[in-house]
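Visitor: I am attaching a structure below and will ask some questions about it afterwards.
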Amino acid sequence: MKVLLVTKQILSVRDDKVYCQFALSSTLEIFQRFGSLYVCACSDDQEATQPVDALTSLDVDHVAFIDGERGLKRRFFDRSQNKETIRRFAREVDMVIGYVPASVCDLAFRVAREEHKPYMTFLVACVWDGMWHHRNWKARLMAPIEFRATRHTVLHSDYAWYVTEEFLQRRYPTQGRSLGCTDTNIPEDQSDILERRMRHIDDNDGTITLLTVGHLDVGFKGQQFIIRALPELQARGMKVKLQMIGAGKGDHLMRLAESLNVKDCVEALGTCSRPQVLDYMDRADIYLQVSLQEGLPRSVAEAMSRAMPVIGSRTGGIPEMIEPEFVTRRKNVEDIVKVVLAMDKETMRRQAKRNFEASRKYLPSQVNARVNEFFATIKRELKG
């Protein structure tokens, strides 16, 4: 079976090999289970110059590059090249898959219908939350339009894969066959992780390292609220520092830290490889994901699998993952301060154990069974 994945994620082709960052790599590997995978993705730009560590087994001839439609002109008036690029591959495959949210996936849905090909939505986040809380006013202006377009696409998709169990399903219902299951790919070998975390908690020298993962320049990943909480945490006597992993420069975040006199305890680490991310998680004390847009964040599942205490906002699928007392109101600095201060050693031990055990539902051995069954059903129906 041949399938086409359309995404605004970034691929890089060098020396007849396809490279991408590890988060996308796991997604590509999953969809390769259908058989032969074709991909329409965005090409190198400023973000792609940052480190990549995942080499996929994609055939270079099965990769075509499209524009990400970031500007209003490209979104509404200059789509012909994207449409023809998608159409060229759509004619070759048995099904088209859209990595949503992305306006190019709404375009892919139209092409699939024109070519009489079934369409599957792979829905990883809420487009409304992401655009309405974006730092760019043009993105906020587009939020209602993209929200309605995405709802229409998901509703009329033949198949829909949601990474949440409830949240995205409520906002973007479908008439097609659906799966509610994360696409995380955390390590199966967890033999001594919990024991090492308990030692880490016991050996803490008094400085609490907070860690968060997310793009540094979009605004809706919420790093600014953690930075605003730092002066209050320091005023309450806590020695604290913040490490931020993610693409982008994060200049506005560092300017905010400087204005609050906490720049010396804030570090922007940029894009990291998967082993680097896990290493930072193992050395940090508390993981925070106080985003304004999420599906079911892989980074939270990964932090839980490293037995980290986790604090998250009431966004997307985060409340499905962690205990209610560690869920904060969105944009609420006071909540962040309160919950971080409540993380004494005993609470951290309890949360480490709880999160570690809860993360087992995201192990590949658990996820793969549901995904494989869903894919097998699709194959049967398309053959029929």
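Letters A, B, ... mark the chains of the structure tokens in the order given; residue numbers begin at 1 per chain; ligand numbers begin at 1, in order shown.
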Could you give me, as a JSON list (two decimals) with C-alpha atoms, in the first residue's frame, the residues within 9 Å of segment 253-265 of chain A, counting only C-alpha atoms and dropping anything in the same chain fewer than 4 positions from it?

Guide:
```
[["chain", "number", "residue", "atom", "x", "y", "z"],
["A", 216, "LEU", "CA", 10.92, 29.48, 21.72],
["A", 217, "ASP", "CA", 9.46, 32.10, 19.38],
["A", 223, "GLN", "CA", 7.71, 29.91, 28.59],
["A", 224, "GLN", "CA", 7.00, 33.57, 29.38],
["A", 227, "ILE", "CA", 9.91, 33.30, 33.54],
["A", 228, "ARG", "CA", 7.42, 35.65, 35.21],
["A", 230, "LEU", "CA", 10.85, 33.11, 38.78],
["A", 231, "PRO", "CA", 11.09, 36.42, 40.74],
["A", 240, "VAL", "CA", 15.67, 28.10, 41.01],
["A", 241, "LYS", "CA", 16.83, 28.08, 37.41],
["A", 242, "LEU", "CA", 15.01, 27.49, 34.13],
["A", 243, "GLN", "CA", 16.22, 25.58, 31.07],
["A", 249, "LYS", "CA", 16.18, 32.12, 19.13]]
```

Visitor: Just the alpha helix (DSSP H) stuff from segment 69-156 of chain A, please, per backbone DSSP, written as a ChimeraX atom specification.

Guide: /A:72-76,80-90,103-114,127-132,137-155

Visitor: With distances taken over only C-alpha atoms, which residue among A:Met304, A:Ile208, A:Ile322, A:Leu5 lies nearest Gln234 of chain A?

Guide: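 For Gln234 of chain A, the nearest of the candidates is A:Ile208.
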
Visitor: From a backbone DSSP assignment, name each residue in segment 9-243 of chain A labelled strand (DSSP E), as a JSON list (two decimals) with N, CA, C and O atoms, in the first residue's frame.

Guide:
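Wrote part08.json, looks like this:
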```json
[["chain", "number", "residue", "atom", "x", "y", "z"],
["A", 9, "GLN", "N", 5.99, 20.30, 8.47],
["A", 9, "GLN", "CA", 7.24, 20.01, 9.15],
["A", 9, "GLN", "C", 8.39, 20.05, 8.15],
["A", 9, "GLN", "O", 8.17, 19.99, 6.93],
["A", 10, "ILE", "N", 9.61, 20.11, 8.66],
["A", 10, "ILE", "CA", 10.77, 20.34, 7.80],
["A", 10, "ILE", "C", 11.58, 19.06, 7.60],
["A", 10, "ILE", "O", 11.90, 18.35, 8.56],
["A", 12, "SER", "N", 15.11, 17.59, 5.35],
["A", 12, "SER", "CA", 16.34, 18.01, 4.70],
["A", 12, "SER", "C", 16.91, 16.84, 3.91],
["A", 12, "SER", "O", 16.96, 15.72, 4.42],
["A", 13, "VAL", "N", 17.29, 17.08, 2.67],
["A", 13, "VAL", "CA", 17.89, 16.04, 1.83],
["A", 13, "VAL", "C", 19.35, 16.40, 1.60],
["A", 13, "VAL", "O", 19.67, 17.46, 1.06],
["A", 14, "ARG", "N", 20.23, 15.50, 2.03],
["A", 14, "ARG", "CA", 21.67, 15.71, 1.84],
["A", 14, "ARG", "C", 22.31, 14.37, 1.48],
["A", 14, "ARG", "O", 22.04, 13.35, 2.11],
["A", 17, "LYS", "N", 20.17, 11.29, 1.13],
["A", 17, "LYS", "CA", 19.52, 10.77, 2.34],
["A", 17, "LYS", "C", 18.59, 11.84, 2.91],
["A", 17, "LYS", "O", 18.82, 13.03, 2.74],
["A", 18, "VAL", "N", 17.55, 11.38, 3.59],
["A", 18, "VAL", "CA", 16.55, 12.29, 4.15],
["A", 18, "VAL", "C", 16.76, 12.40, 5.65],
["A", 18, "VAL", "O", 16.82, 11.39, 6.36],
["A", 19, "TYR", "N", 16.87, 13.64, 6.12],
["A", 19, "TYR", "CA", 17.06, 13.90, 7.54],
["A", 19, "TYR", "C", 15.89, 14.71, 8.09],
["A", 19, "TYR", "O", 15.26, 15.49, 7.37],
["A", 20, "CYS", "N", 15.61, 14.52, 9.36],
["A", 20, "CYS", "CA", 14.62, 15.34, 10.05],
["A", 20, "CYS", "C", 14.89, 15.26, 11.54],
["A", 20, "CYS", "O", 15.72, 14.47, 11.99],
["A", 36, "SER", "N", 4.67, 1.75, 1.36],
["A", 36, "SER", "CA", 5.54, 2.76, 0.74],
["A", 36, "SER", "C", 5.04, 4.15, 1.10],
["A", 36, "SER", "O", 3.87, 4.48, 0.86],
["A", 37, "LEU", "N", 5.92, 4.97, 1.67],
["A", 37, "LEU", "CA", 5.54, 6.29, 2.15],
["A", 37, "LEU", "C", 6.10, 7.38, 1.24],
["A", 37, "LEU", "O", 7.29, 7.41, 0.93],
["A", 38, "TYR", "N", 5.20, 8.27, 0.81],
["A", 38, "TYR", "CA", 5.57, 9.49, 0.09],
["A", 38, "TYR", "C", 5.33, 10.67, 1.04],
["A", 38, "TYR", "O", 4.41, 10.62, 1.88],
["A", 39, "VAL", "N", 6.12, 11.73, 0.90],
["A", 39, "VAL", "CA", 6.00, 12.87, 1.81],
["A", 39, "VAL", "C", 6.09, 14.18, 1.04],
["A", 39, "VAL", "O", 7.01, 14.38, 0.24],
["A", 40, "CYS", "N", 5.15, 15.08, 1.30],
["A", 40, "CYS", "CA", 5.24, 16.48, 0.90],
["A", 40, "CYS", "C", 5.48, 17.29, 2.17],
["A", 40, "CYS", "O", 4.62, 17.29, 3.07],
["A", 41, "ALA", "N", 6.63, 17.94, 2.26],
["A", 41, "ALA", "CA", 7.01, 18.65, 3.47],
["A", 41, "ALA", "C", 7.69, 19.95, 3.10],
["A", 41, "ALA", "O", 7.98, 20.21, 1.93],
["A", 42, "CYS", "N", 7.97, 20.76, 4.10],
["A", 42, "CYS", "CA", 8.68, 22.01, 3.89],
["A", 42, "CYS", "C", 10.19, 21.73, 3.80],
["A", 42, "CYS", "O", 10.69, 20.79, 4.41],
["A", 54, "ALA", "N", 17.97, 12.58, 13.21],
["A", 54, "ALA", "CA", 17.23, 11.39, 12.81],
["A", 54, "ALA", "C", 17.36, 11.17, 11.31],
["A", 54, "ALA", "O", 16.99, 12.03, 10.51],
["A", 55, "LEU", "N", 17.89, 10.05, 10.91],
["A", 55, "LEU", "CA", 18.00, 9.67, 9.51],
["A", 55, "LEU", "C", 16.87, 8.70, 9.20],
["A", 55, "LEU", "O", 16.79, 7.62, 9.77],
["A", 63, "VAL", "N", 10.08, 12.15, -1.84],
["A", 63, "VAL", "CA", 9.99, 13.40, -1.08],
["A", 63, "VAL", "C", 9.84, 14.57, -2.05],
["A", 63, "VAL", "O", 10.60, 14.69, -3.02],
["A", 64, "ALA", "N", 8.85, 15.42, -1.81],
["A", 64, "ALA", "CA", 8.67, 16.66, -2.57],
["A", 64, "ALA", "C", 8.48, 17.80, -1.59],
["A", 64, "ALA", "O", 7.88, 17.63, -0.52],
["A", 65, "PHE", "N", 8.97, 18.96, -1.96],
["A", 65, "PHE", "CA", 8.92, 20.11, -1.05],
["A", 65, "PHE", "C", 7.81, 21.07, -1.44],
["A", 65, "PHE", "O", 7.59, 21.35, -2.63],
["A", 66, "ILE", "N", 7.11, 21.56, -0.42],
["A", 66, "ILE", "CA", 6.02, 22.51, -0.60],
["A", 66, "ILE", "C", 6.27, 23.73, 0.26],
["A", 66, "ILE", "O", 7.12, 23.71, 1.16],
["A", 95, "MET", "N", -3.83, 6.41, -0.41],
["A", 95, "MET", "CA", -4.48, 7.26, 0.59],
["A", 95, "MET", "C", -3.59, 8.47, 0.87],
["A", 95, "MET", "O", -2.36, 8.38, 0.86],
["A", 96, "VAL", "N", -4.24, 9.61, 1.17],
["A", 96, "VAL", "CA", -3.53, 10.84, 1.54],
["A", 96, "VAL", "C", -3.74, 11.07, 3.03],
["A", 96, "VAL", "O", -4.84, 10.91, 3.56],
["A", 97, "ILE", "N", -2.66, 11.45, 3.73],
["A", 97, "ILE", "CA", -2.70, 11.73, 5.17],
["A", 97, "ILE", "C", -2.27, 13.17, 5.41],
["A", 97, "ILE", "O", -1.24, 13.61, 4.88],
["A", 98, "GLY", "N", -3.02, 13.91, 6.20],
["A", 98, "GLY", "CA", -2.67, 15.28, 6.54],
["A", 98, "GLY", "C", -2.22, 15.39, 7.98],
["A", 98, "GLY", "O", -2.92, 14.93, 8.89],
["A", 99, "TYR", "N", -1.02, 15.95, 8.20],
["A", 99, "TYR", "CA", -0.47, 16.19, 9.54],
["A", 99, "TYR", "C", -1.00, 17.54, 10.00],
["A", 99, "TYR", "O", -0.49, 18.59, 9.65],
["A", 100, "VAL", "N", -2.07, 17.51, 10.80],
["A", 100, "VAL", "CA", -2.85, 18.69, 11.14],
["A", 100, "VAL", "C", -2.55, 19.13, 12.58],
["A", 100, "VAL", "O", -2.37, 18.28, 13.45],
["A", 119, "TYR", "N", -8.90, 9.96, 2.58],
["A", 119, "TYR", "CA", -8.08, 10.94, 3.31],
["A", 119, "TYR", "C", -8.13, 10.64, 4.80],
["A", 119, "TYR", "O", -9.19, 10.36, 5.36],
["A", 120, "MET", "N", -6.96, 10.68, 5.43],
["A", 120, "MET", "CA", -6.87, 10.50, 6.87],
["A", 120, "MET", "C", -6.27, 11.75, 7.51],
["A", 120, "MET", "O", -5.25, 12.26, 7.06],
["A", 121, "THR", "N", -6.91, 12.25, 8.56],
["A", 121, "THR", "CA", -6.38, 13.36, 9.34],
["A", 121, "THR", "C", -5.57, 12.81, 10.51],
["A", 121, "THR", "O", -6.07, 11.95, 11.26],
["A", 122, "PHE", "N", -4.35, 13.29, 10.64],
["A", 122, "PHE", "CA", -3.52, 12.98, 11.81],
["A", 122, "PHE", "C", -3.47, 14.27, 12.63],
["A", 122, "PHE", "O", -2.73, 15.20, 12.31],
["A", 123, "LEU", "N", -4.32, 14.34, 13.66],
["A", 123, "LEU", "CA", -4.55, 15.60, 14.39],
["A", 123, "LEU", "C", -3.75, 15.62, 15.68],
["A", 123, "LEU", "O", -4.01, 14.85, 16.60],
["A", 159, "TYR", "N", -10.84, 8.87, 7.66],
["A", 159, "TYR", "CA", -10.23, 8.35, 8.88],
["A", 159, "TYR", "C", -9.61, 9.52, 9.65],
["A", 159, "TYR", "O", -9.17, 10.50, 9.05],
["A", 160, "ALA", "N", -9.60, 9.40, 10.97],
["A", 160, "ALA", "CA", -8.99, 10.44, 11.80],
["A", 160, "ALA", "C", -8.25, 9.79, 12.95],
["A", 160, "ALA", "O", -8.80, 8.95, 13.68],
["A", 161, "TRP", "N", -7.00, 10.18, 13.10],
["A", 161, "TRP", "CA", -6.18, 9.73, 14.22],
["A", 161, "TRP", "C", -5.93, 10.93, 15.12],
["A", 161, "TRP", "O", -5.27, 11.89, 14.72],
["A", 162, "TYR", "N", -6.51, 10.89, 16.33],
["A", 162, "TYR", "CA", -6.31, 11.94, 17.33],
["A", 162, "TYR", "C", -5.24, 11.48, 18.32],
["A", 162, "TYR", "O", -5.28, 10.34, 18.76],
["A", 177, "ARG", "N", -14.01, 6.81, 10.54],
["A", 177, "ARG", "CA", -13.47, 5.90, 11.55],
["A", 177, "ARG", "C", -12.32, 6.60, 12.26],
["A", 177, "ARG", "O", -11.51, 7.27, 11.61],
["A", 178, "SER", "N", -12.22, 6.44, 13.58],
["A", 178, "SER", "CA", -11.21, 7.22, 14.30],
["A", 178, "SER", "C", -10.45, 6.37, 15.32],
["A", 178, "SER", "O", -10.91, 5.32, 15.76],
["A", 179, "LEU", "N", -9.29, 6.91, 15.70],
["A", 179, "LEU", "CA", -8.44, 6.34, 16.74],
["A", 179, "LEU", "C", -8.03, 7.46, 17.67],
["A", 179, "LEU", "O", -7.65, 8.54, 17.21],
["A", 180, "GLY", "N", -8.11, 7.24, 18.97],
["A", 180, "GLY", "CA", -7.61, 8.19, 19.96],
["A", 180, "GLY", "C", -6.44, 7.57, 20.68],
["A", 180, "GLY", "O", -6.61, 6.73, 21.57],
["A", 207, "THR", "N", 19.08, 23.74, 44.89],
["A", 207, "THR", "CA", 18.70, 24.46, 43.68],
["A", 207, "THR", "C", 17.76, 23.60, 42.85],
["A", 207, "THR", "O", 18.07, 22.47, 42.53],
["A", 208, "ILE", "N", 16.60, 24.16, 42.51],
["A", 208, "ILE", "CA", 15.60, 23.45, 41.72],
["A", 208, "ILE", "C", 15.72, 23.87, 40.26],
["A", 208, "ILE", "O", 15.61, 25.05, 39.93],
["A", 209, "THR", "N", 15.95, 22.90, 39.39],
["A", 209, "THR", "CA", 16.04, 23.16, 37.95],
["A", 209, "THR", "C", 14.72, 22.83, 37.29],
["A", 209, "THR", "O", 14.26, 21.69, 37.34],
["A", 210, "LEU", "N", 14.10, 23.84, 36.70],
["A", 210, "LEU", "CA", 12.87, 23.67, 35.94],
["A", 210, "LEU", "C", 13.23, 23.47, 34.47],
["A", 210, "LEU", "O", 14.14, 24.11, 33.95],
["A", 211, "LEU", "N", 12.51, 22.60, 33.79],
["A", 211, "LEU", "CA", 12.77, 22.33, 32.39],
["A", 211, "LEU", "C", 11.48, 22.41, 31.60],
["A", 211, "LEU", "O", 10.43, 21.95, 32.07],
["A", 212, "THR", "N", 11.54, 22.99, 30.40],
["A", 212, "THR", "CA", 10.38, 23.03, 29.52],
["A", 212, "THR", "C", 10.86, 22.84, 28.08],
["A", 212, "THR", "O", 11.98, 23.22, 27.73],
["A", 213, "VAL", "N", 10.02, 22.23, 27.25],
["A", 213, "VAL", "CA", 10.36, 21.97, 25.85],
["A", 213, "VAL", "C", 9.26, 22.56, 24.96],
["A", 213, "VAL", "O", 8.08, 22.32, 25.18],
["A", 239, "LYS", "N", 15.84, 28.66, 45.49],
["A", 239, "LYS", "CA", 16.91, 28.77, 44.50],
["A", 239, "LYS", "C", 16.46, 28.01, 43.27],
["A", 239, "LYS", "O", 16.27, 26.79, 43.32],
["A", 240, "VAL", "N", 16.30, 28.71, 42.17],
["A", 240, "VAL", "CA", 15.67, 28.10, 41.01],
["A", 240, "VAL", "C", 16.34, 28.58, 39.73],
["A", 240, "VAL", "O", 16.82, 29.72, 39.65],
["A", 241, "LYS", "N", 16.38, 27.69, 38.74],
["A", 241, "LYS", "CA", 16.83, 28.08, 37.41],
["A", 241, "LYS", "C", 15.94, 27.40, 36.37],
["A", 241, "LYS", "O", 15.30, 26.38, 36.67],
["A", 242, "LEU", "N", 15.88, 27.98, 35.18],
["A", 242, "LEU", "CA", 15.01, 27.49, 34.13],
["A", 242, "LEU", "C", 15.82, 27.16, 32.88],
["A", 242, "LEU", "O", 16.62, 27.98, 32.42],
["A", 243, "GLN", "N", 15.61, 25.97, 32.34],
["A", 243, "GLN", "CA", 16.22, 25.58, 31.07],
["A", 243, "GLN", "C", 15.10, 25.39, 30.04],
["A", 243, "GLN", "O", 14.10, 24.73, 30.33]]
```

Visitor: Of the candidates A:Ala268, A:Ala143, A:Leu107, A:Ile30, which one gets nearest to Thr56 of chain A if we count only C-alpha atoms?

Guide: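 Closest to Thr56 of chain A of all the choices is A:Ile30.
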
Visitor: If we count only C-alpha atoms and set the cut-off at 6 Å, which residues sit around segment 190-200 of chain A, ignoring sequence neighbours fewer than 2 positions away in its own chain? Please answer as a ChimeraX atom specification.

Guide: /A:202-203,307

Visitor: Store the residues picked out above, limited to C-alpha atoms, as a short mmCIF file (atom, residue, chain, number, x, y, z; two decimals), in the first residue's frame.

Guide:
```
data_model
loop_
_atom_site.label_atom_id
_atom_site.label_comp_id
_atom_site.auth_asym_id
_atom_site.auth_seq_id
_atom_site.Cartn_x
_atom_site.Cartn_y
_atom_site.Cartn_z
CA ASP A 202 17.44 12.87 47.70
CA ASP A 203 20.78 14.34 46.57
CA ALA A 307 10.07 9.78 36.41
#
```

Visitor: Just the residues within 8 Å of Leu269 of chain A, please, counting only C-alpha atoms, with nothing from its chain fewer than 4 positions along; format it as a PDB file with N, CA, C and O atoms, in the first residue's frame.

Guide:
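Contents of the output file result.pdb:
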```
ATOM      1  N   GLN A 243      15.610  25.974  32.337  1.00  0.00           N
ATOM      2  CA  GLN A 243      16.216  25.580  31.074  1.00  0.00           C
ATOM      3  C   GLN A 243      15.104  25.388  30.043  1.00  0.00           C
ATOM      4  O   GLN A 243      14.102  24.730  30.325  1.00  0.00           O
ATOM      5  N   MET A 244      15.305  25.980  28.851  1.00  0.00           N
ATOM      6  CA  MET A 244      14.285  25.933  27.803  1.00  0.00           C
ATOM      7  C   MET A 244      14.877  25.270  26.560  1.00  0.00           C
ATOM      8  O   MET A 244      15.855  25.759  25.996  1.00  0.00           O
ATOM      9  N   ILE A 245      14.284  24.155  26.150  1.00  0.00           N
ATOM     10  CA  ILE A 245      14.691  23.456  24.932  1.00  0.00           C
ATOM     11  C   ILE A 245      13.683  23.765  23.834  1.00  0.00           C
ATOM     12  O   ILE A 245      12.473  23.758  24.088  1.00  0.00           O
ATOM     13  N   GLY A 246      14.167  24.045  22.635  1.00  0.00           N
ATOM     14  CA  GLY A 246      13.244  24.270  21.538  1.00  0.00           C
ATOM     15  C   GLY A 246      13.856  25.066  20.413  1.00  0.00           C
ATOM     16  O   GLY A 246      14.824  25.807  20.611  1.00  0.00           O
TER      17      GLY A 246
END
```

Visitor: I want to know what sits within 8 Å of Glu146 of chain A, based on only C-alpha atoms, with residues of the same chain fewer than 2 positions away left out; could you give that as a VMD selection string?

Guide: chain A and resid 103 127 to 128 142 to 144 148 to 150

Visitor: Could you give me, as a PDB file with C-alpha atoms, in the first residue's frame, the residues within 10 Å of segment 299-302 of chain A, counting only C-alpha atoms and dropping anything in the same chain fewer than 6 positions from it?

Guide:
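Generated output (part.pdb):
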```pdb
ATOM      1  CA  ALA A  23       9.927  14.081  16.697  1.00  0.00           C
ATOM      2  CA  THR A 182      -0.728   9.117  21.295  1.00  0.00           C
ATOM      3  CA  THR A 184       4.861   9.055  21.486  1.00  0.00           C
ATOM      4  CA  ASN A 185       7.842   6.756  21.195  1.00  0.00           C
ATOM      5  CA  ILE A 186       9.490   6.631  24.610  1.00  0.00           C
ATOM      6  CA  PRO A 187      12.244   4.072  25.337  1.00  0.00           C
ATOM      7  CA  THR A 212      10.384  23.026  29.520  1.00  0.00           C
ATOM      8  CA  VAL A 213      10.357  21.969  25.852  1.00  0.00           C
ATOM      9  CA  GLY A 214       8.722  23.920  23.033  1.00  0.00           C
ATOM     10  CA  VAL A 277      16.643  15.961  25.665  1.00  0.00           C
ATOM     11  CA  LEU A 278      16.497  12.827  27.805  1.00  0.00           C
ATOM     12  CA  MET A 281      15.357  15.607  31.743  1.00  0.00           C
ATOM     13  CA  TYR A 287       9.155  19.494  34.105  1.00  0.00           C
ATOM     14  CA  LEU A 288       6.687  22.258  33.108  1.00  0.00           C
ATOM     15  CA  GLN A 289       4.405  22.418  30.075  1.00  0.00           C
ATOM     16  CA  MET A 308       9.952  13.575  36.485  1.00  0.00           C
ATOM     17  CA  PRO A 309       7.395  15.488  38.541  1.00  0.00           C
ATOM     18  CA  VAL A 310       5.316  17.372  35.955  1.00  0.00           C
ATOM     19  CA  ILE A 311       3.322  20.607  36.102  1.00  0.00           C
ATOM     20  CA  GLY A 312       1.070  21.475  33.152  1.00  0.00           C
ATOM     21  CA  ILE A 318      -2.354  17.659  29.412  1.00  0.00           C
ATOM     22  CA  MET A 321      -1.893  12.897  31.632  1.00  0.00           C
ATOM     23  CA  ILE A 322      -1.159  14.358  35.072  1.00  0.00           C
ATOM     24  CA  ASN A 355       4.239   9.576  36.567  1.00  0.00           C
ATOM     25  CA  PHE A 356       6.696   6.784  35.894  1.00  0.00           C
ATOM     26  CA  ALA A 358       1.462   6.218  34.273  1.00  0.00           C
ATOM     27  CA  SER A 359       3.943   6.621  31.409  1.00  0.00           C
ATOM     28  CA  ARG A 360       3.823   2.897  30.687  1.00  0.00           C
ATOM     29  CA  LYS A 361       0.629   3.429  28.687  1.00  0.00           C
ATOM     30  CA  TYR A 362       2.752   5.429  26.227  1.00  0.00           C
ATOM     31  CA  LEU A 363       5.345   2.702  25.695  1.00  0.00           C
TER      32      LEU A 363
END
```

Visitor: For Arg79 of chain A, which of A:Leu4, A:Phe220, A:Asp67, A:Gly35 is the closest residue, counting only C-alpha atoms?

Guide: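 Between A:Leu4, A:Phe220, A:Asp67, A:Gly35, the residue approaching Arg79 of chain A most closely is A:Asp67.
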
Visitor: Which distance in Å separates atom CA of Asp106 of chain A and atom CA of Arg151 of chain A, to one decimal?

Guide: 9.8 Å

Visitor: What is the distance between atom CA of Gln366 of chain A and atom CA of Ser57 of chain A, in Å to one decimal?

Guide: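 That distance, rounded to one decimal, is 23.8 Å.
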
Visitor: Distance atom CA of Trp132 of chain A-atom CA of Val218 of chain A, one decimal place?

Guide: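 Between atom CA of Trp132 of chain A and atom CA of Val218 of chain A the gap works out to 11.1 Å.
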
Visitor: Go through A:Glu320, A:Glu346, A:Glu334, A:Glu373 and flag the residue nearest Glu166 of chain A, using only C-alpha atoms for the distances.

Guide: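 Nearest candidate to Glu166 of chain A out of A:Glu320, A:Glu346, A:Glu334, A:Glu373: A:Glu320.
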
Visitor: In terms of the shortest atom-to-atom distance over only C-alpha atoms, which of A:Arg91, A:Val3, A:Asp183, A:Asp16 is closest to Arg370 of chain A?

Guide: A:Asp183

Visitor: Of the candidates A:Arg298, A:Lys345, A:His215, A:Lys338, which one gets nearest to His134 of chain A if we count only C-alpha atoms?

Guide: A:His215
